[in-house]
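Read through the structure below, which is laid out as structure tokens, and then see the notes.
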Amino acid sequence: VRRALCTSCDSARISFVRVKYLFLTWLTVLVGSWVLYVQYSTYTELCRGHECRNAICDKYRKGIIDGSACSSLCDKETLYMGRCLSTLPNNQSKLGEQANLASLVSQILSVADGNRDGRVSLPEARSTWALLQMDEVLLGLLLQDRGHTPRLLGYCGDLYMTERIPYGPLYGLSLPWPLASWVPSGVQRTVDQWFTPSWPRKAKISMGLLELVEDVFHGTYGSFLICDVAAARFGYTDRHELRLTDTRAVVPEDEFRRAMRALRCETDADCVYGTDCRTSCDPSERRCREEPVQPNLAKACGALKDYLLRGAPAAMREELERQLYACMALKGNAGQMNMEHSLILNNLKALLWRQISHTKDS
């Protein structure tokens, strides 16, 4: 009997060692692949950045372009290319009919005067015009005053620099696509918890998203729709202030409506713009209707539900859950229900503020 028990113990010990060895091997391959991917992507970005810098500086030295960052980039060489955030083709933004064009022109002229001499030279004008063809730059400028996007630090030609946002995505850990399929969902959720701030800080970050929704809804420069509320589109600062790091997620409402009117459909599933902006299909005309099915606030609350409820104080969890579900139930264009939209938004902000107003994170 003793020998049988020892044999059983040896078998269990061997099985445990084998499982441990397999886990460590898997973990080593995972970490090694991640390091190689990051090193390779950084190297290729720096190579492209070197080519971009040479082309930009050549135009600057010929007097074709100018900007606030040209001297640091090309003459003093104190500005170095690191990571490029946007490699997509240029797109020209269209503002809504309610846009405050006088204020916008004043802001653009202020940015265009790179050397602060009180006038915009032809090279500076060329650089500014090139920048304005990129929707992320224009929308970034529109939302910058309210602190929703990274500050524009400088530009040279169509190359521009913004402040670094140290934390992103909004929650969880963003894995490179070659590794994402290898990691089990349970492990991913556990790892996400390691990289999530404390609940009061999550509440402050969430307040930032709610304020963004408030400001893009019939704001100074028209009305906008947030058509992608994925965590990867957002980040936050050391002070836990939310920043929209990819403004391509925001679309002028007029542009959205024009796109929907031109879209043919068979079912509602055909009427999608981006990831999260949807309308319904008109079966008689086989064209998409232009009214959004869900307002920005409902989409934001859906994105924040699990993020906020996980770790929420017990004393307010029930009320928070009730308000989030009421928010997610909003339907149609928020313009048709200003009162309900504002009430839910204000109640949710007040609930979160009561929990963090007395903490150092406020």
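Identifiers for the structure tokens are assigned positionally: chains receive A, B, ... in sequence, residues are indexed from 1 per chain, and ligands are indexed from 1 in the order shown.
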
Original post:
as a PyMOL selection string, which residues of segment 154-324 of chain A does DSSP assign to alpha helix (DSSP H)?
Top reply: chain A and resi 177-180+185-194+199-216+253-261+296-309+314-324

Subject >> Contacts of segment 243-251 of chain A at 6 Å (only C-alpha atoms; same-chain gap of 6+ positions) as a VMD selection string >> reply: chain A and resid 136 148 to 149 224 to 228 233 to 236

Let me see the file: selected residues, N, CA and C atoms, as a PDB file, in the first residue's frame.
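To be explicit, this is the file written out as out_12.pdb:
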```pdb
ATOM      1  N   GLU A 136      -7.933  64.560 -38.239  1.00  0.00           N
ATOM      2  CA  GLU A 136      -7.557  64.428 -36.836  1.00  0.00           C
ATOM      3  C   GLU A 136      -6.956  65.717 -36.282  1.00  0.00           C
ATOM      4  N   HIS A 148     -10.038  67.886 -24.110  1.00  0.00           N
ATOM      5  CA  HIS A 148     -10.434  66.521 -24.465  1.00  0.00           C
ATOM      6  C   HIS A 148      -9.405  65.803 -25.341  1.00  0.00           C
ATOM      7  N   THR A 149      -8.539  66.551 -26.004  1.00  0.00           N
ATOM      8  CA  THR A 149      -7.551  65.954 -26.906  1.00  0.00           C
ATOM      9  C   THR A 149      -6.150  66.397 -26.497  1.00  0.00           C
ATOM     10  N   PHE A 224     -21.445  66.668 -33.103  1.00  0.00           N
ATOM     11  CA  PHE A 224     -20.620  65.555 -33.555  1.00  0.00           C
ATOM     12  C   PHE A 224     -21.142  64.241 -32.982  1.00  0.00           C
ATOM     13  N   LEU A 225     -20.843  63.162 -33.684  1.00  0.00           N
ATOM     14  CA  LEU A 225     -21.176  61.822 -33.205  1.00  0.00           C
ATOM     15  C   LEU A 225     -19.876  61.073 -32.906  1.00  0.00           C
ATOM     16  N   ILE A 226     -19.878  60.334 -31.825  1.00  0.00           N
ATOM     17  CA  ILE A 226     -18.737  59.478 -31.498  1.00  0.00           C
ATOM     18  C   ILE A 226     -19.047  58.102 -32.063  1.00  0.00           C
ATOM     19  N   CYS A 227     -18.353  57.744 -33.139  1.00  0.00           N
ATOM     20  CA  CYS A 227     -18.691  56.518 -33.863  1.00  0.00           C
ATOM     21  C   CYS A 227     -17.781  55.338 -33.530  1.00  0.00           C
ATOM     22  N   ASP A 228     -16.943  55.499 -32.528  1.00  0.00           N
ATOM     23  CA  ASP A 228     -16.140  54.376 -32.040  1.00  0.00           C
ATOM     24  C   ASP A 228     -15.754  54.677 -30.598  1.00  0.00           C
ATOM     25  N   ARG A 233      -9.345  54.027 -28.381  1.00  0.00           N
ATOM     26  CA  ARG A 233      -9.441  55.400 -28.891  1.00  0.00           C
ATOM     27  C   ARG A 233      -9.156  56.445 -27.809  1.00  0.00           C
ATOM     28  N   PHE A 234      -9.007  56.014 -26.566  1.00  0.00           N
ATOM     29  CA  PHE A 234      -8.856  56.945 -25.459  1.00  0.00           C
ATOM     30  C   PHE A 234      -7.641  56.588 -24.611  1.00  0.00           C
ATOM     31  N   GLY A 235      -7.150  57.583 -23.895  1.00  0.00           N
ATOM     32  CA  GLY A 235      -6.096  57.385 -22.928  1.00  0.00           C
ATOM     33  C   GLY A 235      -6.316  58.351 -21.780  1.00  0.00           C
ATOM     34  N   TYR A 236      -5.365  58.410 -20.854  1.00  0.00           N
ATOM     35  CA  TYR A 236      -5.489  59.366 -19.759  1.00  0.00           C
ATOM     36  C   TYR A 236      -4.113  59.788 -19.270  1.00  0.00           C
TER      37      TYR A 236
END
```

List the neighbours of Lys299 of chain A out to 10 Å using only C-alpha atoms; skip same-chain residues closer than 5 positions along the sequence, and give me the result as a PDB file with all heavy atoms, in the first residue's frame.
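Writing done, so here's part.pdb:
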```pdb
ATOM      1  N   VAL A 213     -18.777  63.862 -24.128  1.00  0.00           N
ATOM      2  CA  VAL A 213     -20.097  63.664 -24.741  1.00  0.00           C
ATOM      3  C   VAL A 213     -20.910  64.951 -24.659  1.00  0.00           C
ATOM      4  O   VAL A 213     -21.563  65.363 -25.626  1.00  0.00           O
ATOM      5  CB  VAL A 213     -20.841  62.507 -24.038  1.00  0.00           C
ATOM      6  CG1 VAL A 213     -22.313  62.481 -24.443  1.00  0.00           C
ATOM      7  CG2 VAL A 213     -20.183  61.171 -24.381  1.00  0.00           C
ATOM      8  N   ILE A 226     -19.878  60.334 -31.825  1.00  0.00           N
ATOM      9  CA  ILE A 226     -18.737  59.478 -31.498  1.00  0.00           C
ATOM     10  C   ILE A 226     -19.047  58.102 -32.063  1.00  0.00           C
ATOM     11  O   ILE A 226     -19.917  57.392 -31.557  1.00  0.00           O
ATOM     12  CB  ILE A 226     -18.504  59.414 -29.985  1.00  0.00           C
ATOM     13  CG1 ILE A 226     -18.314  60.822 -29.423  1.00  0.00           C
ATOM     14  CG2 ILE A 226     -17.278  58.555 -29.666  1.00  0.00           C
ATOM     15  CD1 ILE A 226     -18.180  60.867 -27.905  1.00  0.00           C
ATOM     16  N   CYS A 227     -18.353  57.744 -33.139  1.00  0.00           N
ATOM     17  CA  CYS A 227     -18.691  56.518 -33.863  1.00  0.00           C
ATOM     18  C   CYS A 227     -17.781  55.338 -33.530  1.00  0.00           C
ATOM     19  O   CYS A 227     -17.839  54.311 -34.202  1.00  0.00           O
ATOM     20  CB  CYS A 227     -18.674  56.787 -35.368  1.00  0.00           C
ATOM     21  SG  CYS A 227     -20.074  57.804 -35.904  1.00  0.00           S
ATOM     22  N   ASP A 228     -16.943  55.499 -32.528  1.00  0.00           N
ATOM     23  CA  ASP A 228     -16.140  54.376 -32.040  1.00  0.00           C
ATOM     24  C   ASP A 228     -15.754  54.677 -30.598  1.00  0.00           C
ATOM     25  O   ASP A 228     -14.933  55.549 -30.333  1.00  0.00           O
ATOM     26  CB  ASP A 228     -14.888  54.193 -32.895  1.00  0.00           C
ATOM     27  CG  ASP A 228     -14.162  52.879 -32.589  1.00  0.00           C
ATOM     28  OD1 ASP A 228     -14.492  52.260 -31.559  1.00  0.00           O
ATOM     29  OD2 ASP A 228     -13.272  52.493 -33.366  1.00  0.00           O
ATOM     30  N   VAL A 229     -16.377  53.970 -29.657  1.00  0.00           N
ATOM     31  CA  VAL A 229     -16.095  54.195 -28.234  1.00  0.00           C
ATOM     32  C   VAL A 229     -15.206  53.097 -27.672  1.00  0.00           C
ATOM     33  O   VAL A 229     -15.179  52.858 -26.462  1.00  0.00           O
ATOM     34  CB  VAL A 229     -17.397  54.306 -27.406  1.00  0.00           C
ATOM     35  CG1 VAL A 229     -18.158  55.565 -27.743  1.00  0.00           C
ATOM     36  CG2 VAL A 229     -18.278  53.070 -27.607  1.00  0.00           C
ATOM     37  N   ALA A 230     -14.431  52.439 -28.530  1.00  0.00           N
ATOM     38  CA  ALA A 230     -13.508  51.404 -28.064  1.00  0.00           C
ATOM     39  C   ALA A 230     -12.457  52.015 -27.145  1.00  0.00           C
ATOM     40  O   ALA A 230     -12.050  53.174 -27.317  1.00  0.00           O
ATOM     41  CB  ALA A 230     -12.842  50.724 -29.256  1.00  0.00           C
ATOM     42  N   ASP A 276     -19.730  52.204 -34.189  1.00  0.00           N
ATOM     43  CA  ASP A 276     -20.836  52.336 -33.244  1.00  0.00           C
ATOM     44  C   ASP A 276     -21.953  53.276 -33.680  1.00  0.00           C
ATOM     45  O   ASP A 276     -22.886  53.508 -32.906  1.00  0.00           O
ATOM     46  CB  ASP A 276     -20.296  52.815 -31.891  1.00  0.00           C
ATOM     47  CG  ASP A 276     -19.347  51.806 -31.266  1.00  0.00           C
ATOM     48  OD1 ASP A 276     -19.703  50.626 -31.208  1.00  0.00           O
ATOM     49  OD2 ASP A 276     -18.241  52.202 -30.852  1.00  0.00           O
ATOM     50  N   CYS A 277     -21.884  53.858 -34.861  1.00  0.00           N
ATOM     51  CA  CYS A 277     -22.962  54.739 -35.333  1.00  0.00           C
ATOM     52  C   CYS A 277     -23.871  53.981 -36.297  1.00  0.00           C
ATOM     53  O   CYS A 277     -23.412  53.539 -37.356  1.00  0.00           O
ATOM     54  CB  CYS A 277     -22.383  55.983 -36.018  1.00  0.00           C
ATOM     55  SG  CYS A 277     -21.659  57.160 -34.862  1.00  0.00           S
ATOM     56  N   GLN A 294     -28.802  55.446 -31.709  1.00  0.00           N
ATOM     57  CA  GLN A 294     -28.348  55.650 -30.342  1.00  0.00           C
ATOM     58  C   GLN A 294     -27.589  56.955 -30.215  1.00  0.00           C
ATOM     59  O   GLN A 294     -26.727  57.247 -31.041  1.00  0.00           O
ATOM     60  CB  GLN A 294     -27.408  54.505 -29.939  1.00  0.00           C
ATOM     61  CG  GLN A 294     -27.824  53.725 -28.733  1.00  0.00           C
ATOM     62  CD  GLN A 294     -26.772  52.690 -28.335  1.00  0.00           C
ATOM     63  OE1 GLN A 294     -25.821  52.433 -29.057  1.00  0.00           O
ATOM     64  NE2 GLN A 294     -26.965  52.105 -27.195  1.00  0.00           N
ATOM     65  N   LEU A 304     -18.731  52.247 -20.479  1.00  0.00           N
ATOM     66  CA  LEU A 304     -18.259  52.443 -19.107  1.00  0.00           C
ATOM     67  C   LEU A 304     -18.877  51.470 -18.107  1.00  0.00           C
ATOM     68  O   LEU A 304     -18.391  51.381 -16.970  1.00  0.00           O
ATOM     69  CB  LEU A 304     -18.571  53.876 -18.650  1.00  0.00           C
ATOM     70  CG  LEU A 304     -17.792  55.000 -19.330  1.00  0.00           C
ATOM     71  CD1 LEU A 304     -18.325  56.349 -18.863  1.00  0.00           C
ATOM     72  CD2 LEU A 304     -16.310  54.893 -19.029  1.00  0.00           C
ATOM     73  N   CYS A 327     -29.271  55.121 -18.791  1.00  0.00           N
ATOM     74  CA  CYS A 327     -28.509  55.851 -19.803  1.00  0.00           C
ATOM     75  C   CYS A 327     -28.378  55.022 -21.082  1.00  0.00           C
ATOM     76  O   CYS A 327     -28.563  55.533 -22.194  1.00  0.00           O
ATOM     77  CB  CYS A 327     -27.134  56.187 -19.225  1.00  0.00           C
ATOM     78  SG  CYS A 327     -25.983  56.910 -20.399  1.00  0.00           S
ATOM     79  N   MET A 328     -28.068  53.736 -20.937  1.00  0.00           N
ATOM     80  CA  MET A 328     -27.900  52.864 -22.101  1.00  0.00           C
ATOM     81  C   MET A 328     -29.206  52.665 -22.856  1.00  0.00           C
ATOM     82  O   MET A 328     -29.195  52.298 -24.040  1.00  0.00           O
ATOM     83  CB  MET A 328     -27.346  51.503 -21.649  1.00  0.00           C
ATOM     84  CG  MET A 328     -25.902  51.567 -21.144  1.00  0.00           C
ATOM     85  SD  MET A 328     -25.423  50.102 -20.183  1.00  0.00           S
ATOM     86  CE  MET A 328     -25.736  48.794 -21.362  1.00  0.00           C
ATOM     87  N   ALA A 329     -30.334  52.900 -22.185  1.00  0.00           N
ATOM     88  CA  ALA A 329     -31.642  52.699 -22.818  1.00  0.00           C
ATOM     89  C   ALA A 329     -32.066  53.874 -23.690  1.00  0.00           C
ATOM     90  O   ALA A 329     -33.078  53.792 -24.388  1.00  0.00           O
ATOM     91  CB  ALA A 329     -32.702  52.443 -21.749  1.00  0.00           C
ATOM     92  N   LEU A 330     -31.304  54.978 -23.669  1.00  0.00           N
ATOM     93  CA  LEU A 330     -31.636  56.126 -24.517  1.00  0.00           C
ATOM     94  C   LEU A 330     -31.637  55.710 -25.981  1.00  0.00           C
ATOM     95  O   LEU A 330     -30.741  55.020 -26.441  1.00  0.00           O
ATOM     96  CB  LEU A 330     -30.627  57.252 -24.304  1.00  0.00           C
ATOM     97  CG  LEU A 330     -30.700  58.028 -22.983  1.00  0.00           C
ATOM     98  CD1 LEU A 330     -29.491  58.929 -22.848  1.00  0.00           C
ATOM     99  CD2 LEU A 330     -31.988  58.829 -22.906  1.00  0.00           C
TER     100      LEU A 330
END
```

**OP:** Give the answer as one residue: which of A:Pro283, A:Pro200, A:Gly302, A:Gly157 has the shortest atom-to-atom distance to Gln133 of chain A, using only C-alpha atoms?
**Re:**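 Of A:Pro283, A:Pro200, A:Gly302, A:Gly157, the one nearest Gln133 of chain A, counting only C-alpha atoms, is A:Gly157.
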
Subject >> Nearby residues (only C-alpha atoms) at most 8 Å from segment 52-67 of chain A, same-chain spacing under 4 positions excluded, as a list in words >> reply: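 In the requested format, the answer is Arg48, Leu73, Cys74, Met81, Ala112, Asp113, Gly114, Asn115, Leu122, Pro123, Glu124, Ala125, Arg126, Ser127, Gly154, Tyr155, Cys156, Gly157 and Leu159 of chain A.
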
With all heavy atoms retained, could you export that selection as a compact mmCIF listing (two decimals), in the first residue's frame?
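Dumped to selection-v3.txt:
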```txt
# COMPACT_ATOMS: atom_id res chain seq x y z
N ARG A 48 10.86 54.92 -41.00
CA ARG A 48 9.93 55.78 -41.72
C ARG A 48 10.05 57.21 -41.24
O ARG A 48 9.96 58.16 -42.02
CB ARG A 48 8.50 55.26 -41.57
CG ARG A 48 8.23 53.95 -42.26
CD ARG A 48 6.74 53.68 -42.34
NE ARG A 48 6.15 53.53 -41.03
CZ ARG A 48 5.98 52.37 -40.41
NH1 ARG A 48 6.41 51.26 -40.99
NH2 ARG A 48 5.42 52.30 -39.23
N LEU A 73 13.43 70.70 -35.27
CA LEU A 73 13.53 69.45 -36.01
C LEU A 73 14.71 69.44 -36.97
O LEU A 73 15.44 68.45 -37.07
CB LEU A 73 12.23 69.20 -36.78
CG LEU A 73 12.15 67.91 -37.60
CD1 LEU A 73 12.09 66.70 -36.68
CD2 LEU A 73 10.92 67.93 -38.51
N CYS A 74 14.95 70.57 -37.66
CA CYS A 74 15.90 70.57 -38.78
C CYS A 74 17.20 71.32 -38.49
O CYS A 74 18.26 70.92 -38.99
CB CYS A 74 15.24 71.18 -40.01
SG CYS A 74 13.69 70.39 -40.49
N MET A 81 12.18 62.04 -33.79
CA MET A 81 11.00 61.28 -34.18
C MET A 81 10.93 59.99 -33.37
O MET A 81 11.89 59.24 -33.31
CB MET A 81 11.06 60.93 -35.67
CG MET A 81 11.16 62.13 -36.58
SD MET A 81 9.59 62.95 -36.78
CE MET A 81 8.73 61.75 -37.78
N ALA A 112 -1.21 78.98 -36.88
CA ALA A 112 -0.41 79.18 -38.10
C ALA A 112 0.78 80.09 -37.88
O ALA A 112 1.83 79.93 -38.52
CB ALA A 112 -1.30 79.73 -39.21
N ASP A 113 0.64 81.06 -36.98
CA ASP A 113 1.74 81.99 -36.70
C ASP A 113 2.77 81.29 -35.82
O ASP A 113 2.87 81.54 -34.61
CB ASP A 113 1.20 83.24 -36.01
CG ASP A 113 2.27 84.29 -35.78
OD1 ASP A 113 3.37 84.15 -36.36
OD2 ASP A 113 2.01 85.24 -35.01
N GLY A 114 3.55 80.42 -36.42
CA GLY A 114 4.48 79.58 -35.67
C GLY A 114 5.57 80.33 -34.94
O GLY A 114 5.96 79.96 -33.84
N ASN A 115 6.09 81.41 -35.53
CA ASN A 115 7.18 82.16 -34.89
C ASN A 115 6.69 83.34 -34.06
O ASN A 115 7.49 84.13 -33.56
CB ASN A 115 8.19 82.64 -35.94
CG ASN A 115 7.52 83.52 -37.00
OD1 ASN A 115 6.34 83.88 -36.88
ND2 ASN A 115 8.28 83.86 -38.04
N LEU A 122 3.96 82.97 -46.07
CA LEU A 122 3.50 81.99 -47.08
C LEU A 122 3.93 80.57 -46.72
O LEU A 122 3.10 79.65 -46.81
CB LEU A 122 4.03 82.39 -48.47
CG LEU A 122 3.59 81.49 -49.63
CD1 LEU A 122 2.06 81.45 -49.73
CD2 LEU A 122 4.20 81.98 -50.95
N PRO A 123 5.18 80.32 -46.30
CA PRO A 123 5.55 78.97 -45.89
C PRO A 123 4.71 78.46 -44.72
O PRO A 123 4.32 77.28 -44.68
CB PRO A 123 7.03 79.09 -45.51
CG PRO A 123 7.52 80.24 -46.31
CD PRO A 123 6.37 81.20 -46.36
N GLU A 124 4.41 79.35 -43.74
CA GLU A 124 3.57 78.94 -42.62
C GLU A 124 2.15 78.63 -43.10
O GLU A 124 1.52 77.68 -42.61
CB GLU A 124 3.53 80.06 -41.57
CG GLU A 124 4.80 80.20 -40.75
CD GLU A 124 4.77 81.39 -39.82
OE1 GLU A 124 4.02 82.36 -40.12
OE2 GLU A 124 5.48 81.36 -38.80
N ALA A 125 1.66 79.42 -44.04
CA ALA A 125 0.32 79.19 -44.58
C ALA A 125 0.25 77.84 -45.30
O ALA A 125 -0.74 77.12 -45.19
CB ALA A 125 -0.07 80.32 -45.53
N ARG A 126 1.32 77.51 -46.05
CA ARG A 126 1.35 76.22 -46.76
C ARG A 126 1.30 75.07 -45.74
O ARG A 126 0.59 74.07 -45.94
CB ARG A 126 2.61 76.11 -47.62
CG ARG A 126 2.64 76.99 -48.85
CD ARG A 126 3.72 76.52 -49.80
NE ARG A 126 3.92 77.43 -50.92
CZ ARG A 126 4.93 78.29 -51.02
NH1 ARG A 126 5.86 78.36 -50.05
NH2 ARG A 126 5.05 79.08 -52.07
N SER A 127 2.08 75.19 -44.68
CA SER A 127 2.09 74.13 -43.66
C SER A 127 0.73 73.99 -43.00
O SER A 127 0.22 72.88 -42.81
CB SER A 127 3.15 74.45 -42.59
OG SER A 127 4.45 74.38 -43.10
N GLY A 154 3.47 71.55 -31.76
CA GLY A 154 4.20 72.19 -32.85
C GLY A 154 3.95 71.48 -34.16
O GLY A 154 3.38 70.39 -34.20
N TYR A 155 4.42 72.10 -35.25
CA TYR A 155 4.24 71.51 -36.56
C TYR A 155 5.33 72.00 -37.50
O TYR A 155 5.99 73.01 -37.27
CB TYR A 155 2.85 71.86 -37.13
CG TYR A 155 2.73 73.33 -37.48
CD1 TYR A 155 2.98 73.79 -38.78
CD2 TYR A 155 2.38 74.28 -36.52
CE1 TYR A 155 2.88 75.13 -39.09
CE2 TYR A 155 2.29 75.62 -36.83
CZ TYR A 155 2.54 76.04 -38.12
OH TYR A 155 2.46 77.37 -38.43
N CYS A 156 5.49 71.24 -38.57
CA CYS A 156 6.42 71.63 -39.64
C CYS A 156 5.93 70.94 -40.91
O CYS A 156 6.01 69.72 -41.03
CB CYS A 156 7.85 71.20 -39.32
SG CYS A 156 9.08 71.78 -40.52
N GLY A 157 5.39 71.71 -41.83
CA GLY A 157 4.73 71.09 -42.98
C GLY A 157 3.51 70.35 -42.50
O GLY A 157 2.75 70.84 -41.65
N LEU A 159 3.71 67.62 -40.81
CA LEU A 159 4.14 66.87 -39.65
C LEU A 159 3.77 67.66 -38.40
O LEU A 159 4.07 68.85 -38.30
CB LEU A 159 5.66 66.65 -39.70
CG LEU A 159 6.30 66.00 -38.47
CD1 LEU A 159 5.93 64.53 -38.41
CD2 LEU A 159 7.81 66.16 -38.51
```

Subject >> Coordinates-based distance that separates atom CA of Thr359 of chain A from atom CA of Lys202 of chain A (Å, one decimal) >> reply: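 So the two atoms, atom CA of Lys202 of chain A and atom CA of Thr359 of chain A, lie 12.7 Å apart.
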
**OP:** List the neighbours of segment 307-322 of chain A out to 12 Å using only C-alpha atoms; skip same-chain residues closer than 6 positions along the sequence, and give me the result as number ranges by chain.
**Re:** A: 170-172, 189, 192-193, 196-207, 231, 300-301, 328-329, 344, 347-356

Selection above as a file: N, CA and C atoms, as a compact mmCIF listing (two decimals), in the first residue's frame:
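File result16.txt, as written:
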```txt
# COMPACT_ATOMS: atom_id res chain seq x y z
N LEU A 170 -7.88 53.13 -22.68
CA LEU A 170 -8.63 53.64 -21.54
C LEU A 170 -8.65 52.64 -20.40
N TYR A 171 -8.81 51.38 -20.70
CA TYR A 171 -8.75 50.35 -19.68
C TYR A 171 -8.18 49.08 -20.30
N GLY A 172 -7.61 48.24 -19.44
CA GLY A 172 -7.03 46.99 -19.91
C GLY A 172 -5.67 47.20 -20.54
N ARG A 189 -8.55 39.01 -18.97
CA ARG A 189 -9.31 39.77 -17.97
C ARG A 189 -8.50 39.97 -16.69
N ASP A 192 -5.85 42.53 -17.39
CA ASP A 192 -6.49 43.85 -17.47
C ASP A 192 -6.66 44.46 -16.08
N GLN A 193 -6.99 43.62 -15.09
CA GLN A 193 -7.19 44.12 -13.73
C GLN A 193 -5.90 44.69 -13.14
N THR A 196 -5.44 48.36 -14.28
CA THR A 196 -6.59 49.25 -14.10
C THR A 196 -6.37 50.11 -12.86
N PRO A 197 -6.59 51.43 -12.92
CA PRO A 197 -6.41 52.28 -11.74
C PRO A 197 -7.44 51.99 -10.66
N SER A 198 -7.26 52.60 -9.49
CA SER A 198 -8.21 52.44 -8.39
C SER A 198 -9.56 53.02 -8.80
N TRP A 199 -10.63 52.62 -8.07
CA TRP A 199 -11.97 53.02 -8.49
C TRP A 199 -12.17 54.54 -8.51
N PRO A 200 -11.74 55.30 -7.48
CA PRO A 200 -11.92 56.76 -7.57
C PRO A 200 -11.27 57.35 -8.81
N ARG A 201 -10.13 56.82 -9.21
CA ARG A 201 -9.46 57.32 -10.42
C ARG A 201 -10.23 56.91 -11.67
N LYS A 202 -10.79 55.71 -11.65
CA LYS A 202 -11.65 55.30 -12.78
C LYS A 202 -12.86 56.22 -12.90
N ALA A 203 -13.41 56.63 -11.74
CA ALA A 203 -14.56 57.53 -11.76
C ALA A 203 -14.19 58.87 -12.36
N LYS A 204 -12.99 59.39 -12.03
CA LYS A 204 -12.56 60.66 -12.59
C LYS A 204 -12.35 60.56 -14.10
N ILE A 205 -11.75 59.46 -14.55
CA ILE A 205 -11.55 59.24 -15.99
C ILE A 205 -12.90 59.16 -16.70
N SER A 206 -13.85 58.47 -16.07
CA SER A 206 -15.19 58.33 -16.66
C SER A 206 -15.90 59.67 -16.75
N MET A 207 -15.68 60.53 -15.75
CA MET A 207 -16.26 61.88 -15.80
C MET A 207 -15.76 62.62 -17.04
N ALA A 231 -11.99 51.23 -26.18
CA ALA A 231 -11.01 51.72 -25.22
C ALA A 231 -9.73 52.20 -25.89
N ALA A 300 -21.56 55.82 -24.67
CA ALA A 300 -20.53 56.03 -23.65
C ALA A 300 -20.85 55.24 -22.39
N CYS A 301 -22.11 55.24 -21.99
CA CYS A 301 -22.50 54.49 -20.80
C CYS A 301 -22.31 52.99 -21.00
N MET A 328 -28.07 53.74 -20.94
CA MET A 328 -27.90 52.86 -22.10
C MET A 328 -29.21 52.66 -22.86
N ALA A 329 -30.33 52.90 -22.18
CA ALA A 329 -31.64 52.70 -22.82
C ALA A 329 -32.07 53.87 -23.69
N ILE A 344 -30.24 62.69 -17.34
CA ILE A 344 -29.46 61.47 -17.09
C ILE A 344 -27.98 61.80 -16.98
N ASN A 347 -27.30 63.64 -13.62
CA ASN A 347 -27.44 62.74 -12.47
C ASN A 347 -26.23 61.81 -12.36
N LEU A 348 -25.77 61.30 -13.49
CA LEU A 348 -24.64 60.39 -13.48
C LEU A 348 -23.36 61.10 -13.05
N LYS A 349 -23.15 62.31 -13.57
CA LYS A 349 -21.96 63.08 -13.19
C LYS A 349 -22.00 63.44 -11.70
N ALA A 350 -23.19 63.80 -11.20
CA ALA A 350 -23.32 64.15 -9.79
C ALA A 350 -23.04 62.95 -8.89
N LEU A 351 -23.51 61.78 -9.30
CA LEU A 351 -23.28 60.56 -8.51
C LEU A 351 -21.79 60.25 -8.42
N LEU A 352 -21.11 60.34 -9.53
CA LEU A 352 -19.67 60.07 -9.53
C LEU A 352 -18.91 61.13 -8.75
N TRP A 353 -19.32 62.38 -8.91
CA TRP A 353 -18.62 63.47 -8.24
C TRP A 353 -18.73 63.35 -6.72
N ARG A 354 -19.89 62.92 -6.23
CA ARG A 354 -20.07 62.75 -4.77
C ARG A 354 -19.09 61.74 -4.20
N GLN A 355 -18.71 60.76 -5.02
CA GLN A 355 -17.81 59.72 -4.54
C GLN A 355 -16.35 60.13 -4.57
N ILE A 356 -15.99 61.10 -5.41
CA ILE A 356 -14.57 61.43 -5.55
C ILE A 356 -14.23 62.85 -5.11
```

**OP:** From segment 196-289 of chain A, collect each residue whose DSSP state is strand (DSSP E) and return the set as a PyMOL selection string.
**Re:** chain A and resi 224-226+234-236+242-244+250-252+272-273+277-278+281-282+287-288
